[in-house]
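Working notes, beginning with the structure itself.
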Amino acid sequence: MSLSLYIARRHLLSRKSRSVVNLIARVSVAAIAVPVMALTAILSFHNGLGDFIGRMYSEFDPELRITPREGRFFDPVRLRRQIEMLPEVEAVGATLEQHVLLVYGERQWIATLCGVDSDYRHVVPVDRLIVQGKYSLQPGEAVLGQGAAYALGVQTARIEPLRIYAIRPGSGNTSFLPAALYHTAEVRPVGIYALDEQTDSRCVFVPLALAQQLAGAGERISALSVRFRAGVSPEAGRAAVAALAGSDRFDLKTRFEQKETLYRMVEQEKWVIYLLLMFVVLVAALSLVGSVVMLAADKERDREILVAMGGTPRLLRRIFAWEGLTITGAGVVIGLLLGVGFAGLQQQFGLIRMTGEAFLMEAYPVRVAWTDLAAVAGGVLLLGGAISAATAAGLMKRR
């Protein structure tokens, strides 16, 4: 331990120190500990919400989605057979998507018709999201999202058919077209799923053959969805599939790339929160200025003795800088312990709960990340050290 650090520690921790100055130092420790605790807890809450969003969409988005670079549809037979033979692949499902008009009674709704084959449920477990009825895509059946079902007034117990209107290929996109320019079909809603407002208001699942008929696509599809075996990373699986499909003919997107904007927004939002709360920490750390100045005034006699014994201004500057950094370090340790403790209590007992019936969980999820703790500790210590060093340098100039 260096001499300057030893003297600084003795100034702050000596048992004989009972002055108002030491009380101010303790208040400074608390002033730093509180925002550090808040920052740790908020980042842990954000991690939990980010994980929840990832799990939620992982139940709907395939691990890999293959779409053609040119045109809307492609013939999947040969490519699908080759992909299914890869050791990295667990299951492959075919899909065809098209915008349609849904009519149920007197209500209408614009949605995306998602035609899927029987293997699709092994790639994306939509059946786990069913909240009413069942997941069944036999001929003439459909599964709607909760948002679309609410807009149309659909009840799976009713036998009223759901009419689907799809524009015939080559008929244009003009509104109010004659009925003769539409492909039409009737299906019976047998299940309702729930995920998030944007998704379950958009996608309506029907058998692939019906979607192909309405789109006039023949045997072609718009995308292949792939699920990898356990232990295969998305990057490794994508590379294996890309070697067969060819990146010049098909676009291959992992689950992250399918929702890249959302995932990046969640990550960027986290660090925006970090920077904003660091400004709060900066304001709290400015209390170090008063603490270091008061400590310097309180230890005037000790400094004179130290100078008489050969102490240099550089040594004195280091002593006061170490005092400020020691206060900061104590605040960081206490704040991190309190923040991690609060996150643990939230995870165990769900102290802060979500209100309303629209949420898929009762309490806010949390996850403590060591990288976050390191970022908080490093950022606060850097601010505290800089403020302490600047204050100590200023005191020596005035002397």
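Here's how to read the names in the structure tokens: chain A, B, ... by the order shown, residue numbers from 1 in each chain, ligand numbers from 1 in the order shown.
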Shell around region 104-117 of chain A at 7 Å using only C-alpha atoms, local window under 3 positions removed, as a list of chain:residue names: A:Gly93, A:Ala94, A:Thr95, A:Leu96, A:Glu97, A:Gln98, A:His99, A:Val100, A:Leu101, A:Tyr120, A:Leu152, A:Pro161, A:Leu162, A:Arg163, A:Arg202, A:Cys203, A:Val204, A:Phe205, A:Val206, A:Pro207, A:Leu208, A:Ala211
Per DSSP on the backbone, filter region 20-233 of chain A down to the residues in strand (DSSP E) and report them as a CSV table (one decimal) with N, CA and C atoms, in the first residue's frame.
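The new file result-v4.csv reads:
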```
chain,number,residue,atom,x,y,z
A,64,LEU,N,-34.2,-20.0,-38.7
A,64,LEU,CA,-33.6,-19.5,-40.0
A,64,LEU,C,-34.8,-19.5,-40.9
A,65,ARG,N,-34.9,-18.4,-41.7
A,65,ARG,CA,-35.9,-18.2,-42.7
A,65,ARG,C,-35.3,-18.0,-44.0
A,66,ILE,N,-35.7,-18.7,-45.0
A,66,ILE,CA,-35.1,-18.7,-46.4
A,66,ILE,C,-36.2,-18.1,-47.3
A,67,THR,N,-35.8,-17.0,-48.0
A,67,THR,CA,-36.8,-16.4,-49.0
A,67,THR,C,-36.0,-16.1,-50.3
A,68,PRO,N,-36.7,-16.1,-51.4
A,68,PRO,CA,-36.0,-15.9,-52.7
A,68,PRO,C,-35.6,-14.4,-52.8
A,89,VAL,N,-29.8,-29.9,-39.0
A,89,VAL,CA,-31.2,-29.5,-39.1
A,89,VAL,C,-32.1,-30.5,-38.4
A,90,GLU,N,-33.0,-29.9,-37.6
A,90,GLU,CA,-34.0,-30.8,-36.9
A,90,GLU,C,-35.3,-30.9,-37.7
A,91,ALA,N,-35.8,-29.8,-38.3
A,91,ALA,CA,-37.1,-29.8,-39.0
A,91,ALA,C,-37.1,-28.6,-40.0
A,92,VAL,N,-37.9,-28.8,-41.0
A,92,VAL,CA,-38.1,-27.8,-42.1
A,92,VAL,C,-39.6,-27.6,-42.3
A,93,GLY,N,-40.1,-26.4,-42.4
A,93,GLY,CA,-41.5,-26.1,-42.7
A,93,GLY,C,-41.6,-25.2,-43.9
A,94,ALA,N,-42.7,-25.3,-44.6
A,94,ALA,CA,-42.9,-24.4,-45.8
A,94,ALA,C,-44.0,-23.4,-45.5
A,95,THR,N,-43.9,-22.2,-45.9
A,95,THR,CA,-44.9,-21.1,-45.7
A,95,THR,C,-45.1,-20.4,-47.0
A,96,LEU,N,-46.3,-19.8,-47.0
A,96,LEU,CA,-46.7,-18.8,-48.1
A,96,LEU,C,-47.5,-17.7,-47.5
A,97,GLU,N,-47.1,-16.5,-47.7
A,97,GLU,CA,-47.7,-15.4,-47.1
A,97,GLU,C,-48.3,-14.5,-48.2
A,98,GLN,N,-49.5,-13.9,-47.9
A,98,GLN,CA,-50.2,-13.0,-48.8
A,98,GLN,C,-51.2,-12.1,-48.0
A,99,HIS,N,-51.2,-10.8,-48.5
A,99,HIS,CA,-52.2,-9.9,-47.8
A,99,HIS,C,-53.6,-10.3,-48.3
A,100,VAL,N,-54.5,-10.3,-47.4
A,100,VAL,CA,-55.9,-10.6,-47.7
A,100,VAL,C,-56.9,-9.8,-47.0
A,101,LEU,N,-58.1,-9.8,-47.4
A,101,LEU,CA,-59.2,-9.2,-46.7
A,101,LEU,C,-60.1,-10.3,-46.0
A,102,LEU,N,-60.3,-10.1,-44.7
A,102,LEU,CA,-61.1,-11.1,-44.0
A,102,LEU,C,-62.5,-10.5,-43.7
A,103,VAL,N,-63.5,-11.2,-43.9
A,103,VAL,CA,-64.9,-10.8,-43.6
A,103,VAL,C,-65.6,-11.8,-42.7
A,104,TYR,N,-66.1,-11.4,-41.6
A,104,TYR,CA,-66.8,-12.2,-40.7
A,104,TYR,C,-68.0,-11.5,-40.2
A,107,ARG,N,-68.2,-7.5,-40.3
A,107,ARG,CA,-66.9,-6.9,-40.0
A,107,ARG,C,-65.9,-7.3,-41.0
A,108,GLN,N,-64.9,-6.4,-41.2
A,108,GLN,CA,-63.8,-6.7,-42.1
A,108,GLN,C,-62.5,-6.4,-41.5
A,109,TRP,N,-61.4,-7.0,-42.0
A,109,TRP,CA,-60.1,-6.8,-41.4
A,109,TRP,C,-59.1,-7.2,-42.4
A,110,ILE,N,-58.1,-6.3,-42.6
A,110,ILE,CA,-56.9,-6.6,-43.4
A,110,ILE,C,-55.9,-7.4,-42.7
A,111,ALA,N,-55.4,-8.5,-43.2
A,111,ALA,CA,-54.4,-9.3,-42.5
A,111,ALA,C,-53.5,-10.0,-43.5
A,112,THR,N,-52.5,-10.7,-42.9
A,112,THR,CA,-51.6,-11.5,-43.7
A,112,THR,C,-52.0,-13.0,-43.6
A,113,LEU,N,-52.3,-13.6,-44.7
A,113,LEU,CA,-52.6,-15.0,-44.7
A,113,LEU,C,-51.3,-15.8,-44.7
A,114,CYS,N,-51.1,-16.6,-43.7
A,114,CYS,CA,-49.9,-17.4,-43.5
A,114,CYS,C,-50.3,-18.9,-43.7
A,115,GLY,N,-50.0,-19.4,-44.9
A,115,GLY,CA,-50.2,-20.8,-45.2
A,115,GLY,C,-49.0,-21.6,-44.8
A,116,VAL,N,-49.3,-22.6,-44.0
A,116,VAL,CA,-48.2,-23.4,-43.5
A,116,VAL,C,-48.5,-24.9,-43.7
A,130,ILE,N,-51.8,-21.0,-28.1
A,130,ILE,CA,-53.2,-21.0,-28.3
A,130,ILE,C,-53.9,-20.6,-26.9
A,131,VAL,N,-54.8,-19.7,-27.0
A,131,VAL,CA,-55.5,-19.3,-25.8
A,131,VAL,C,-57.0,-19.6,-25.8
A,132,GLN,N,-57.5,-20.0,-27.0
A,132,GLN,CA,-58.9,-20.4,-27.2
A,132,GLN,C,-59.0,-21.4,-28.3
A,133,GLY,N,-59.7,-22.4,-28.2
A,133,GLY,CA,-59.9,-23.4,-29.2
A,133,GLY,C,-58.6,-24.3,-29.3
A,141,GLU,N,-60.0,-25.1,-42.2
A,141,GLU,CA,-59.8,-24.6,-40.9
A,141,GLU,C,-58.8,-23.4,-40.9
A,142,ALA,N,-58.9,-22.6,-39.8
A,142,ALA,CA,-58.0,-21.5,-39.7
A,142,ALA,C,-57.7,-21.2,-38.2
A,143,VAL,N,-56.5,-20.6,-38.0
A,143,VAL,CA,-56.2,-20.2,-36.6
A,143,VAL,C,-55.8,-18.7,-36.7
A,144,LEU,N,-56.5,-17.9,-35.9
A,144,LEU,CA,-56.4,-16.4,-35.9
A,144,LEU,C,-55.6,-16.0,-34.7
A,145,GLY,N,-55.0,-14.8,-34.8
A,145,GLY,CA,-54.4,-14.1,-33.7
A,145,GLY,C,-55.5,-13.4,-32.9
A,162,LEU,N,-65.5,-17.8,-41.9
A,162,LEU,CA,-64.7,-16.6,-42.1
A,162,LEU,C,-64.4,-16.6,-43.6
A,163,ARG,N,-64.8,-15.5,-44.3
A,163,ARG,CA,-64.5,-15.4,-45.7
A,163,ARG,C,-63.2,-14.7,-46.0
A,164,ILE,N,-62.4,-15.2,-46.9
A,164,ILE,CA,-61.1,-14.7,-47.3
A,164,ILE,C,-61.1,-14.2,-48.7
A,165,TYR,N,-60.7,-13.0,-48.9
A,165,TYR,CA,-60.6,-12.4,-50.3
A,165,TYR,C,-59.2,-12.1,-50.6
A,166,ALA,N,-58.6,-12.7,-51.6
A,166,ALA,CA,-57.3,-12.5,-52.1
A,166,ALA,C,-57.3,-12.0,-53.5
A,167,ILE,N,-56.5,-10.9,-53.8
A,167,ILE,CA,-56.5,-10.4,-55.2
A,167,ILE,C,-55.9,-11.4,-56.1
A,182,TYR,N,-61.2,-11.3,-57.4
A,182,TYR,CA,-60.7,-11.9,-56.2
A,182,TYR,C,-60.8,-13.4,-56.2
A,183,HIS,N,-59.8,-14.0,-55.6
A,183,HIS,CA,-59.9,-15.4,-55.2
A,183,HIS,C,-60.6,-15.4,-53.8
A,184,THR,N,-61.6,-16.3,-53.6
A,184,THR,CA,-62.3,-16.3,-52.3
A,184,THR,C,-62.3,-17.7,-51.8
A,185,ALA,N,-62.4,-17.8,-50.5
A,185,ALA,CA,-62.5,-19.1,-49.8
A,185,ALA,C,-63.2,-18.8,-48.4
A,186,GLU,N,-63.8,-19.9,-47.9
A,186,GLU,CA,-64.4,-19.9,-46.6
A,186,GLU,C,-63.7,-20.9,-45.7
A,187,VAL,N,-63.4,-20.4,-44.5
A,187,VAL,CA,-62.8,-21.3,-43.5
A,187,VAL,C,-63.5,-21.2,-42.2
A,188,ARG,N,-63.3,-22.1,-41.3
A,188,ARG,CA,-63.9,-22.0,-40.0
A,188,ARG,C,-62.8,-21.8,-38.9
A,189,PRO,N,-62.9,-20.7,-38.2
A,189,PRO,CA,-61.9,-20.4,-37.1
A,189,PRO,C,-62.0,-21.5,-36.0
A,190,VAL,N,-60.9,-22.2,-35.8
A,190,VAL,CA,-60.9,-23.3,-34.8
A,190,VAL,C,-60.0,-23.0,-33.6
A,191,GLY,N,-59.2,-21.9,-33.7
A,191,GLY,CA,-58.2,-21.6,-32.6
A,191,GLY,C,-57.8,-20.1,-32.7
A,192,ILE,N,-57.5,-19.6,-31.5
A,192,ILE,CA,-57.0,-18.2,-31.4
A,192,ILE,C,-55.7,-18.2,-30.6
A,193,TYR,N,-54.7,-17.6,-31.1
A,193,TYR,CA,-53.4,-17.5,-30.4
A,193,TYR,C,-53.1,-16.1,-30.0
A,203,CYS,N,-51.2,-12.0,-38.5
A,203,CYS,CA,-51.1,-13.3,-39.1
A,203,CYS,C,-52.3,-14.2,-38.8
A,204,VAL,N,-52.8,-14.8,-39.9
A,204,VAL,CA,-53.9,-15.8,-39.9
A,204,VAL,C,-53.4,-17.1,-40.5
A,205,PHE,N,-53.3,-18.2,-39.8
A,205,PHE,CA,-52.8,-19.4,-40.3
A,205,PHE,C,-53.9,-20.2,-40.9
A,206,VAL,N,-53.5,-20.7,-42.1
A,206,VAL,CA,-54.4,-21.7,-42.9
A,206,VAL,C,-53.5,-22.8,-43.5
A,207,PRO,N,-54.1,-23.8,-44.0
A,207,PRO,CA,-53.3,-24.9,-44.6
A,207,PRO,C,-52.6,-24.3,-45.8
A,223,ALA,N,-41.5,-19.0,-48.5
A,223,ALA,CA,-40.3,-19.1,-47.6
A,223,ALA,C,-40.2,-20.6,-47.0
A,224,LEU,N,-39.0,-20.9,-46.7
A,224,LEU,CA,-38.8,-22.2,-45.9
A,224,LEU,C,-38.3,-21.7,-44.5
A,225,SER,N,-38.8,-22.4,-43.5
A,225,SER,CA,-38.5,-22.1,-42.1
A,225,SER,C,-37.7,-23.3,-41.6
A,226,VAL,N,-36.6,-23.0,-40.9
A,226,VAL,CA,-35.7,-24.1,-40.5
A,226,VAL,C,-35.5,-24.1,-39.0
A,227,ARG,N,-35.5,-25.2,-38.3
A,227,ARG,CA,-35.2,-25.4,-36.9
A,227,ARG,C,-33.9,-26.2,-36.8
A,228,PHE,N,-32.9,-25.8,-36.1
A,228,PHE,CA,-31.7,-26.5,-35.9
A,228,PHE,C,-31.7,-27.5,-34.7
```
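When only C-alpha atoms are used to compute distances to Lys259 (chain A), the closest of the residues A:Glu70, A:Glu323, A:Asp51, A:Asp61 turns out to be A:Asp61.
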Would you mind listing what lies within 10 Å of region 34-36 of chain A as an NGL selection string, with only C-alpha atoms counted and same-chain residues fewer than 5 positions away left out? :A and (29 or 41-42 or 277-285 or 331-339 or 373 or 376-377 or 380)
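With only C-alpha atoms as the atoms that count, the residue of A:Val123, A:Ile221, A:Met56, A:Ala33 with the shortest distance to Asp196 (chain A) is A:Met56.
One finds CA of Glu59 (chain A) at 6.1 Å from CA of Pro125 (chain A).
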Could you pull out all residues of region 16-145 of chain A with a DSSP call of alpha helix (DSSP H) and give them as an MDAnalysis selection string? chainID A and resid 20:58 77:84 120:123
Which is closest to Ser44 (chain A) among A:Ala25, A:Ala343, A:Ala217, A:Ala151, if we use only C-alpha atoms?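 Using only C-alpha atoms, the shortest distance to Ser44 (chain A) belongs to A:Ala343.
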